[in-house]
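Taking it in order: structure first as structure tokens, then the write-up.
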Amino acid sequence: MSDIETATSTFEQVNREHREFKTMSAELRGFLDRSRPGAGEAGHHDWAAQLARRLVDLHDKLVVHFRHEERDGLFETLTRISPGATRKVDLLTAEHRGMLDEVRAVMSSAMRYSEGAELENPHLRRRLVELLDRLKEHEQDETDLMQRLEYRDLGSGD
Ligand SMILES: [Fe+2]
């Protein structure tokens, strides 16, 4: 495969995964918008357990997606096409670590909450919404970078 073909198929794969995260985030936001039973009320444990399960799923998918971007193509392609993008790629890699740390922290908080070991945590929902906002912004940065390189360095249409 030529450089352009490799880059294009890498970008397509990443865009596909980003679309999956958009769907997953929208579902999670919908779940958070619905009312939550308070500690001690019926359904409280189910709510928190369901949240924890969704977070485990999000965490697993993020691990695979980030690893894929870091090791199997995207970041390597970006810096090969445009060495000037190295600093930005380092920043995106650091953001991956930060977001994984945060999803693990929120996940363990949700698990303690579902066990009843932790009292009502008013910040749980807000923290998760902030994390989803962060993820959205991060993926938008990656998309912008891919699009800029596609037009500038790969040359569009020739
Ligand atoms: Fe990404």
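Every chain in the structure tokens takes a letter, A first, then B, and so on in the order presented; its residues are numbered from 1, and the ligands are numbered from 1 following the presented order.
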What are the DSSP helix (DSSP H, G or I) residues of region 18-153 of chain A, as a VMD selection string?
chain A and resid 18 to 33 44 to 71 74 to 81 83 to 115 123 to 152
Export of prior selection with C-alpha atoms as a tab-separated table (two decimals), in the first residue's frame:
```
chain	number	residue	atom	x	y	z
A	18	HIS	CA	-14.97	7.61	16.94
A	19	ARG	CA	-18.53	7.20	15.65
A	20	GLU	CA	-18.96	4.20	17.96
A	21	PHE	CA	-17.84	6.32	20.94
A	22	LYS	CA	-20.32	9.02	19.94
A	23	THR	CA	-23.15	6.48	20.12
A	24	MET	CA	-21.86	5.05	23.39
A	25	SER	CA	-21.48	8.53	24.94
A	26	ALA	CA	-25.00	9.51	23.86
A	27	GLU	CA	-26.39	6.36	25.52
A	28	LEU	CA	-24.44	7.03	28.69
A	29	ARG	CA	-25.59	10.65	28.80
A	30	GLY	CA	-29.18	9.43	28.35
A	31	PHE	CA	-28.72	7.02	31.24
A	32	LEU	CA	-27.34	9.83	33.44
A	33	ASP	CA	-30.19	12.16	32.52
A	44	HIS	CA	-30.47	2.32	44.01
A	45	HIS	CA	-28.17	-0.67	43.81
A	46	ASP	CA	-29.34	-1.54	40.29
A	47	TRP	CA	-28.69	1.99	39.07
A	48	ALA	CA	-25.17	2.10	40.44
A	49	ALA	CA	-24.39	-1.45	39.29
A	50	GLN	CA	-25.61	-0.64	35.80
A	51	LEU	CA	-23.47	2.50	35.75
A	52	ALA	CA	-20.43	0.50	36.84
A	53	ARG	CA	-21.04	-2.05	34.06
A	54	ARG	CA	-21.32	0.70	31.47
A	55	LEU	CA	-18.07	2.21	32.75
A	56	VAL	CA	-16.24	-1.11	32.57
A	57	ASP	CA	-17.40	-1.40	28.98
A	58	LEU	CA	-16.32	2.19	28.19
A	59	HIS	CA	-12.94	1.60	29.85
A	60	ASP	CA	-12.28	-1.60	27.87
A	61	LYS	CA	-13.19	0.01	24.56
A	62	LEU	CA	-11.05	3.08	25.33
A	63	VAL	CA	-8.02	0.91	26.16
A	64	VAL	CA	-8.29	-0.88	22.81
A	65	HIS	CA	-9.00	2.32	20.86
A	66	PHE	CA	-6.15	4.31	22.42
A	67	ARG	CA	-3.71	1.45	21.96
A	68	HIS	CA	-4.78	1.20	18.36
A	69	GLU	CA	-4.20	4.94	17.80
A	70	GLU	CA	-0.88	4.95	19.62
A	71	ARG	CA	0.68	1.76	18.32
A	74	LEU	CA	-2.74	6.79	13.59
A	75	PHE	CA	-0.10	8.65	15.59
A	76	GLU	CA	2.72	7.11	13.62
A	77	THR	CA	1.04	8.09	10.36
A	78	LEU	CA	0.41	11.63	11.55
A	79	THR	CA	4.01	12.23	12.61
A	80	ARG	CA	5.40	10.57	9.49
A	81	ILE	CA	3.33	12.74	7.17
A	83	PRO	CA	6.84	15.86	11.68
A	84	GLY	CA	5.49	19.18	12.98
A	85	ALA	CA	2.58	17.28	14.52
A	86	THR	CA	4.86	15.48	17.01
A	87	ARG	CA	4.18	17.84	19.90
A	88	LYS	CA	0.44	17.66	19.36
A	89	VAL	CA	0.61	13.85	19.19
A	90	ASP	CA	2.54	13.76	22.50
A	91	LEU	CA	-0.20	15.88	24.02
A	92	LEU	CA	-2.94	13.57	22.69
A	93	THR	CA	-1.07	10.56	24.12
A	94	ALA	CA	-0.88	12.24	27.55
A	95	GLU	CA	-4.62	12.93	27.33
A	96	HIS	CA	-5.23	9.21	26.73
A	97	ARG	CA	-3.47	8.40	30.03
A	98	GLY	CA	-5.41	11.11	31.87
A	99	MET	CA	-8.79	9.95	30.56
A	100	LEU	CA	-8.09	6.32	31.44
A	101	ASP	CA	-7.12	7.36	34.98
A	102	GLU	CA	-10.33	9.31	35.28
A	103	VAL	CA	-12.60	6.57	33.94
A	104	ARG	CA	-11.00	4.14	36.43
A	105	ALA	CA	-11.55	6.57	39.29
A	106	VAL	CA	-15.21	7.14	38.38
A	107	MET	CA	-15.67	3.40	37.85
A	108	SER	CA	-14.35	2.48	41.27
A	109	SER	CA	-16.46	5.20	42.85
A	110	ALA	CA	-19.56	3.78	41.10
A	111	MET	CA	-18.68	0.28	42.33
A	112	ARG	CA	-18.29	1.42	45.94
A	113	TYR	CA	-21.53	3.32	45.61
A	114	SER	CA	-23.37	0.26	44.27
A	115	GLU	CA	-22.05	-1.80	47.16
A	123	HIS	CA	-20.19	14.45	42.01
A	124	LEU	CA	-20.36	11.08	40.31
A	125	ARG	CA	-22.70	12.13	37.53
A	126	ARG	CA	-20.98	15.48	36.99
A	127	ARG	CA	-17.53	13.89	36.83
A	128	LEU	CA	-18.70	11.43	34.23
A	129	VAL	CA	-20.33	14.13	32.10
A	130	GLU	CA	-17.07	16.09	32.28
A	131	LEU	CA	-15.14	13.01	31.18
A	132	LEU	CA	-17.48	12.50	28.22
A	133	ASP	CA	-17.04	16.18	27.28
A	134	ARG	CA	-13.29	15.75	27.49
A	135	LEU	CA	-13.40	12.65	25.28
A	136	LYS	CA	-15.54	14.46	22.72
A	137	GLU	CA	-13.13	17.40	22.56
A	138	HIS	CA	-10.11	15.08	22.37
A	139	GLU	CA	-11.54	13.11	19.46
A	140	GLN	CA	-12.49	16.32	17.70
A	141	ASP	CA	-8.82	17.40	17.97
A	142	GLU	CA	-7.76	14.12	16.37
A	143	THR	CA	-10.34	14.52	13.61
A	144	ASP	CA	-9.17	18.08	12.92
A	145	LEU	CA	-5.57	16.92	12.75
A	146	MET	CA	-6.43	14.10	10.32
A	147	GLN	CA	-8.44	16.46	8.12
A	148	ARG	CA	-5.72	19.11	8.08
A	149	LEU	CA	-3.11	16.57	7.03
A	150	GLU	CA	-5.41	15.02	4.46
A	151	TYR	CA	-5.84	18.33	2.69
A	152	ARG	CA	-2.42	19.81	3.21
```
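Take the candidates A:Gly40, A:Ser35, A:Glu12, A:Ala7 and check each one against ligand 1 using only C-alpha atoms and all ligand atoms; the shortest distance goes to A:Glu12.
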Between CA of Gln13 (chain A) and atom 1 (Fe, counted along the ligand's line) of ligand 1, what is the distance, to one decimal in Å?
10.2 Å
